[in-house]
Protein chains: 2
Amino acid sequence: MLRFLLPLLATATLAFAQTSPSMQRPYGLVIHGGAGVIQRNQMSPELEKEYRAKLAEALHAGYAVLDRGGSALDAVIATVTVLEDSPLFNAGKGAVFTADGLCELDASIMRGDTLQAGAVAGLRHVKNPIKLVRDVMENSPHVMMIGEGAEEFARSRGHERVPNEYFHTGFRRKQLERAKEKESRANNGTASVPLDLTSPGVGGEDWFSREQKYGTVGCVALDRQGNLAAGTSTGGMTNKKFGRVGDVPVIGAGTYANNATCAVSSTGWGEFFIRSVVAHDISAQMEYRGMDVADSAASTLAKVAKLGGDGGVIVLDRHGRYAMDFNSEGMYRAAKISGRPEIVAIYGDEPRR
Amino acid sequence: MLRFLLPLLATATLAFAQTSPSMQRPYGLVIHGGAGVIQRNQMSPELEKEYRAKLAEALHAGYAVLDRGGSALDAVIATVTVLEDSPLFNAGKGAVFTADGLCELDASIMRGDTLQAGAVAGLRHVKNPIKLVRDVMENSPHVMMIGEGAEEFARSRGHERVPNEYFHTGFRRKQLERAKEKESRANNGTASVPLDLTSPGVGGEDWFSREQKYGTVGCVALDRQGNLAAGTSTGGMTNKKFGRVGDVPVIGAGTYANNATCAVSSTGWGEFFIRSVVAHDISAQMEYRGMDVADSAASTLAKVAKLGGDGGVIVLDRHGRYAMDFNSEGMYRAAKISGRPEIVAIYGDEPRR
């Protein structure tokens, strides 16, 4: 009998010893700046430094909120605002261009305690979409608003509005030009790949050049009260047409948060992330299969890969356990959990948890 | 020993006897015309007859496709087209009005074999949104398109387009007028309910009058090849503002299909269905918890109710087992599975499976 009880006792003592020093719940956040990283051989040391510095700045902005007892929701807003305001990432300023040469922005947010959520798609003039989705969630009876109607709501609520040109950058303009050149070659029949757009990962290549389809920013946070929140923001896909919307404003695909399981923000080839209901599938595997954040994230990303898609996710549970997983070449990412070392990373050979 | 083996043997023999006569897989479909049914005491016998006849007509249109060996996807299109073309339901012709006096339509579709999907939101001129979402799924690299961009895709693909007035009906016009009167009373402070729009099921009442928020049509089908498909179409919510979009175009909330589990189409208070990721949650409980269609549907609807929302779902698995469940007063619904009696029902005291 003692043989069975002793290990249990030892485990219980160890668990107590690990949490007792401060008796504080862990808190902190995990962020991403998209799974569409610039390839290592094309990244200058200066630019890499800029990316890492901006990721750290965004991380610290959210952590400061949590550190002083602020909510996970406030931390998500603080962090994503920094990333939206930076021209380095495909969200807010620095968003990619549509085929018509405009920036069209999508975003969503969700809180894990009440399961309230907000989402917008097709914005052209709201400076910080992440602030608008919070307002949709808190001050409208709706969850999702699109296009001109969403702009009207933003006006009625006094959100900062900017001309579309505010979002434009030369780097993204060049990406659009390259995408249009590729498309034009494909349409003239000179492309080596047939334009079979329904085959995953084949014909799509001309529309979805790798460097152009994964840009997103996102944040998942856990506050001192034990509440989770998640938020995601994007400019979508370079050269997008027909009012295309990816997974970011789709609650359950791009964003999901539930105190019972985890908070998730996705970045990747949006079409595949919608079809795999990525964020909710990770939560569901934790809830119904008892998996942990890392296994659940890996399992869901494997399903995305099986369909032909790729990208990444950040996942955080209410014990402060997290995963930053991806099956693309890299993912701009960072994490800071109380009492643990801070991580800022870009490439596949750097830490993921 | 024999005492244990005999019942097993009997069961096995019975199972063989039940499936052997035709040795055919079951096939068939389940449909809904929304959980926002007219109350029994306000429904004339003539109108009730019209509703039941149109449900049967839509059911037979899809069943005929399956019966001659057609695909689940074709059956969904055939059935939903009948419902969209009827002024009785809130989809296509007969859609509810926005606050601006327009009809704006959303739809989505998904196939269970490939997990391909298509969705549109905010259409004003496409006669049959269900045909457009199939085209988005099959002939674009995208899953979701919104607003004017989606209209442009429809034009480029030759879909039948109509003036917005085609969708208008006097019945829905009256609903809009009533909703505006209620809203005006609420804004003048004469409403008995405070306009706290963030409290589920409380302040929303003035925007979301019960009769106005549940209109949707949908279909889940299983073909002779064993493939599942699901489709949903709606005009959304009477008096909707700000480009509001409900759960219908959100893959995982309004529509989901996966041959490994089930096909689902939802109808209800869209905001709560998005937050609960209803369609995918039902599938996830079947996949990860081993629940059947009925228990899984009931479990997920209970979560929606806990948040303060209501509505219904139709769920069909690849063995032909189905549920038509709802926690609203009723749901226009019908089912026809090979070798089993046909069901057409409206109210809560009629069959649900």
# chains A, B, ... in the order shown; residues from 1 in each chain; ligands from 1
$ interface_residues --of "chain A" --to "chain B" --cutoff "7 Å" --atoms "only C-alpha atoms" --output "PyMOL selection string"
chain A and resi 115-117+138-150+152-153+197-198+204+241-246+250-252+271+274-275+277+284-285+288-289
$ write_last_selection --atoms "N, CA, C and O atoms" --output "short mmCIF file (atom, residue, chain, number, x, y, z; two decimals), in the first residue's frame"
data_model
loop_
_atom_site.label_atom_id
_atom_site.label_comp_id
_atom_site.auth_asym_id
_atom_site.auth_seq_id
_atom_site.Cartn_x
_atom_site.Cartn_y
_atom_site.Cartn_z
N LEU A 115 -16.77 34.02 -23.15
CA LEU A 115 -16.87 33.60 -24.55
C LEU A 115 -17.47 34.69 -25.43
O LEU A 115 -18.03 34.40 -26.48
N GLN A 116 -17.35 35.94 -25.01
CA GLN A 116 -17.76 37.03 -25.91
C GLN A 116 -16.69 37.18 -27.00
O GLN A 116 -15.52 36.88 -26.77
N ALA A 117 -17.14 37.67 -28.16
CA ALA A 117 -16.21 37.79 -29.28
C ALA A 117 -16.60 38.96 -30.18
O ALA A 117 -17.75 39.40 -30.17
N GLU A 138 -18.04 44.62 -27.14
CA GLU A 138 -18.53 45.18 -25.88
C GLU A 138 -19.69 46.15 -26.05
O GLU A 138 -20.49 46.31 -25.13
N ASN A 139 -19.78 46.79 -27.20
CA ASN A 139 -20.77 47.86 -27.33
C ASN A 139 -21.69 47.72 -28.54
O ASN A 139 -22.19 48.71 -29.07
N SER A 140 -21.87 46.52 -29.00
CA SER A 140 -22.90 46.23 -30.00
C SER A 140 -23.47 44.87 -29.65
O SER A 140 -22.85 44.10 -28.93
N PRO A 141 -24.65 44.57 -30.14
CA PRO A 141 -25.20 43.23 -29.87
C PRO A 141 -24.63 42.20 -30.83
O PRO A 141 -25.03 41.04 -30.80
N HIS A 142 -23.68 42.61 -31.68
CA HIS A 142 -23.19 41.72 -32.73
C HIS A 142 -21.83 41.15 -32.42
O HIS A 142 -21.11 41.63 -31.55
N VAL A 143 -21.45 40.14 -33.19
CA VAL A 143 -20.10 39.58 -33.11
C VAL A 143 -19.30 40.00 -34.34
O VAL A 143 -18.14 40.37 -34.25
N MET A 144 -19.93 39.99 -35.50
CA MET A 144 -19.19 40.21 -36.75
C MET A 144 -19.81 41.31 -37.59
O MET A 144 -21.03 41.32 -37.81
N MET A 145 -18.97 42.21 -38.08
CA MET A 145 -19.41 43.28 -38.98
C MET A 145 -18.45 43.33 -40.17
O MET A 145 -17.26 43.10 -40.00
N ILE A 146 -18.99 43.66 -41.35
CA ILE A 146 -18.12 43.70 -42.53
C ILE A 146 -18.26 45.00 -43.30
O ILE A 146 -19.28 45.69 -43.22
N GLY A 147 -17.18 45.34 -44.03
CA GLY A 147 -17.18 46.40 -45.02
C GLY A 147 -17.64 47.76 -44.52
O GLY A 147 -17.31 48.20 -43.42
N GLU A 148 -18.40 48.42 -45.38
CA GLU A 148 -18.84 49.80 -45.14
C GLU A 148 -19.64 49.90 -43.84
O GLU A 148 -19.56 50.90 -43.12
N GLY A 149 -20.41 48.87 -43.53
CA GLY A 149 -21.19 48.87 -42.29
C GLY A 149 -20.30 48.92 -41.06
O GLY A 149 -20.58 49.65 -40.10
N ALA A 150 -19.21 48.17 -41.11
CA ALA A 150 -18.25 48.18 -40.00
C ALA A 150 -17.59 49.54 -39.87
O ALA A 150 -17.35 50.04 -38.76
N GLU A 152 -18.98 52.33 -40.67
CA GLU A 152 -20.00 53.22 -40.12
C GLU A 152 -20.05 53.07 -38.60
O GLU A 152 -20.16 54.06 -37.86
N PHE A 153 -19.97 51.83 -38.13
CA PHE A 153 -19.95 51.58 -36.68
C PHE A 153 -18.73 52.27 -36.07
O PHE A 153 -18.82 52.91 -35.01
N LEU A 197 -6.86 25.81 -59.53
CA LEU A 197 -6.94 26.50 -58.24
C LEU A 197 -7.57 25.67 -57.15
O LEU A 197 -7.56 26.04 -55.99
N THR A 198 -8.15 24.54 -57.53
CA THR A 198 -8.83 23.74 -56.51
C THR A 198 -7.90 22.74 -55.85
O THR A 198 -8.21 22.21 -54.81
N GLY A 204 -2.74 27.08 -56.65
CA GLY A 204 -2.81 28.25 -55.79
C GLY A 204 -1.49 28.99 -55.72
O GLY A 204 -1.46 30.18 -55.43
N LYS A 241 -8.47 39.23 -54.27
CA LYS A 241 -9.55 39.69 -55.15
C LYS A 241 -10.89 39.33 -54.55
O LYS A 241 -10.97 38.51 -53.63
N PHE A 242 -11.93 39.91 -55.13
CA PHE A 242 -13.30 39.46 -54.84
C PHE A 242 -13.68 39.53 -53.37
O PHE A 242 -14.44 38.71 -52.88
N GLY A 243 -13.14 40.52 -52.64
CA GLY A 243 -13.50 40.62 -51.23
C GLY A 243 -13.11 39.39 -50.44
O GLY A 243 -13.78 39.02 -49.47
N ARG A 244 -12.00 38.76 -50.84
CA ARG A 244 -11.53 37.56 -50.15
C ARG A 244 -11.25 37.85 -48.68
O ARG A 244 -10.65 38.85 -48.32
N VAL A 245 -11.71 36.95 -47.83
CA VAL A 245 -11.46 37.03 -46.40
C VAL A 245 -10.85 35.70 -45.95
O VAL A 245 -11.30 34.63 -46.36
N GLY A 246 -9.82 35.77 -45.14
CA GLY A 246 -9.17 34.57 -44.64
C GLY A 246 -9.71 34.15 -43.29
O GLY A 246 -10.86 34.44 -42.94
N VAL A 250 -12.70 34.95 -38.65
CA VAL A 250 -13.56 33.79 -38.42
C VAL A 250 -13.28 33.23 -37.02
O VAL A 250 -12.26 32.57 -36.80
N ILE A 251 -14.19 33.53 -36.09
CA ILE A 251 -14.05 33.00 -34.73
C ILE A 251 -14.07 31.47 -34.81
O ILE A 251 -14.93 30.89 -35.45
N GLY A 252 -13.11 30.83 -34.15
CA GLY A 252 -12.99 29.37 -34.23
C GLY A 252 -11.89 28.96 -35.19
O GLY A 252 -11.33 27.88 -35.07
N GLU A 271 -7.31 29.95 -45.99
CA GLU A 271 -8.32 29.04 -46.51
C GLU A 271 -8.26 27.68 -45.80
O GLU A 271 -9.29 27.11 -45.44
N ILE A 274 -9.48 27.99 -42.15
CA ILE A 274 -10.94 28.00 -42.01
C ILE A 274 -11.48 26.58 -42.11
O ILE A 274 -12.28 26.14 -41.29
N ARG A 275 -11.05 25.86 -43.14
CA ARG A 275 -11.56 24.51 -43.37
C ARG A 275 -11.24 23.57 -42.21
O ARG A 275 -11.98 22.60 -41.98
N VAL A 277 -10.98 24.67 -39.06
CA VAL A 277 -11.50 25.30 -37.84
C VAL A 277 -10.40 25.22 -36.76
O VAL A 277 -10.61 24.71 -35.65
N ALA A 284 -10.87 22.08 -28.66
CA ALA A 284 -11.71 20.87 -28.54
C ALA A 284 -10.87 19.64 -28.19
O ALA A 284 -11.29 18.79 -27.40
N GLN A 285 -9.68 19.56 -28.76
CA GLN A 285 -8.83 18.41 -28.43
C GLN A 285 -8.36 18.46 -26.99
O GLN A 285 -8.18 17.43 -26.35
N TYR A 288 -11.92 17.70 -25.00
CA TYR A 288 -12.57 16.39 -25.15
C TYR A 288 -11.59 15.22 -25.16
O TYR A 288 -11.99 14.09 -24.93
N ARG A 289 -10.31 15.50 -25.49
CA ARG A 289 -9.33 14.41 -25.52
C ARG A 289 -8.33 14.53 -24.39
O ARG A 289 -7.46 13.66 -24.26
#
$ residues_around --residues "segment 84-87 of chain A" --least-positions-apart "3" --cutoff "9 Å" --atoms "only C-alpha atoms" --output "compact mmCIF listing (two decimals) with C-alpha atoms, in the first residue's frame"
# COMPACT_ATOMS: atom_id res chain seq x y z
CA LYS A 54 9.57 45.29 -32.34
CA THR A 79 0.30 44.28 -27.78
CA VAL A 80 -1.57 44.05 -31.06
CA THR A 81 -1.76 47.85 -31.32
CA ASN A 90 1.02 42.60 -42.32
CA ALA A 91 -1.58 44.27 -40.12
CA GLY A 92 -2.58 47.92 -39.79
CA LYS A 93 0.27 50.02 -41.21
CA GLY A 94 2.29 47.80 -43.52
CA ALA A 95 -0.67 45.67 -44.58
CA LYS A 127 -6.35 52.77 -37.91
CA ASN A 128 -6.47 49.99 -35.30
CA PRO A 129 -8.83 47.16 -36.18
CA ILE A 130 -8.03 45.41 -32.87
CA PHE A 167 -1.41 51.77 -44.41
CA HIS A 168 0.68 51.75 -47.62
CA THR A 169 4.38 50.88 -47.68
CA VAL A 217 -0.25 39.41 -35.99
CA SER A 233 -5.25 41.22 -36.94
CA THR A 234 -4.22 41.11 -40.61
$ calpha_fit_rmsd --fixed "chain B" --moving "chain A"
0.5 Å
$ residues_around --residues "Ala53 of chain A" --least-positions-apart "6" --cutoff "10 Å" --atoms "only C-alpha atoms" --output "ChimeraX atom specification"
/A:47,59,344
$ write_last_selection --atoms "N, CA, C and O atoms" --output "short mmCIF file (atom, residue, chain, number, x, y, z; two decimals), in the first residue's frame"
data_model
loop_
_atom_site.label_atom_id
_atom_site.label_comp_id
_atom_site.auth_asym_id
_atom_site.auth_seq_id
_atom_site.Cartn_x
_atom_site.Cartn_y
_atom_site.Cartn_z
N LEU A 47 17.68 44.36 -40.45
CA LEU A 47 16.24 44.13 -40.48
C LEU A 47 15.84 43.11 -39.42
O LEU A 47 14.83 43.27 -38.74
N LEU A 59 5.69 42.67 -26.90
CA LEU A 59 5.58 41.74 -25.78
C LEU A 59 5.57 42.50 -24.45
O LEU A 59 4.74 42.25 -23.57
N VAL A 344 12.25 35.52 -27.68
CA VAL A 344 11.93 36.20 -28.93
C VAL A 344 12.58 35.38 -30.03
O VAL A 344 13.79 35.12 -29.97
#
$ select_by_dssp --residues "segment 21-125 of chain B" --states "alpha helix (DSSP H)" --output "PyMOL selection string"
chain B and resi 45-67+72-85
$ residues_around --residues "Glu329 of chain A" --least-positions-apart "2" --cutoff "7 Å" --atoms "only C-alpha atoms" --output "list in words"
Asn327, Tyr347 and Gly348 of chain A
$ write_last_selection --atoms "C-alpha atoms" --output "short mmCIF file (atom, residue, chain, number, x, y, z; two decimals), in the first residue's frame"
data_model
loop_
_atom_site.label_atom_id
_atom_site.label_comp_id
_atom_site.auth_asym_id
_atom_site.auth_seq_id
_atom_site.Cartn_x
_atom_site.Cartn_y
_atom_site.Cartn_z
CA ASN A 327 4.91 23.98 -40.08
CA TYR A 347 13.28 30.74 -37.38
CA GLY A 348 12.47 27.06 -37.15
#
$ atom_distance --atom1 "atom CA of Arg224 of chain B" --atom2 "atom CA of Arg111 of chain B"
14.5 Å
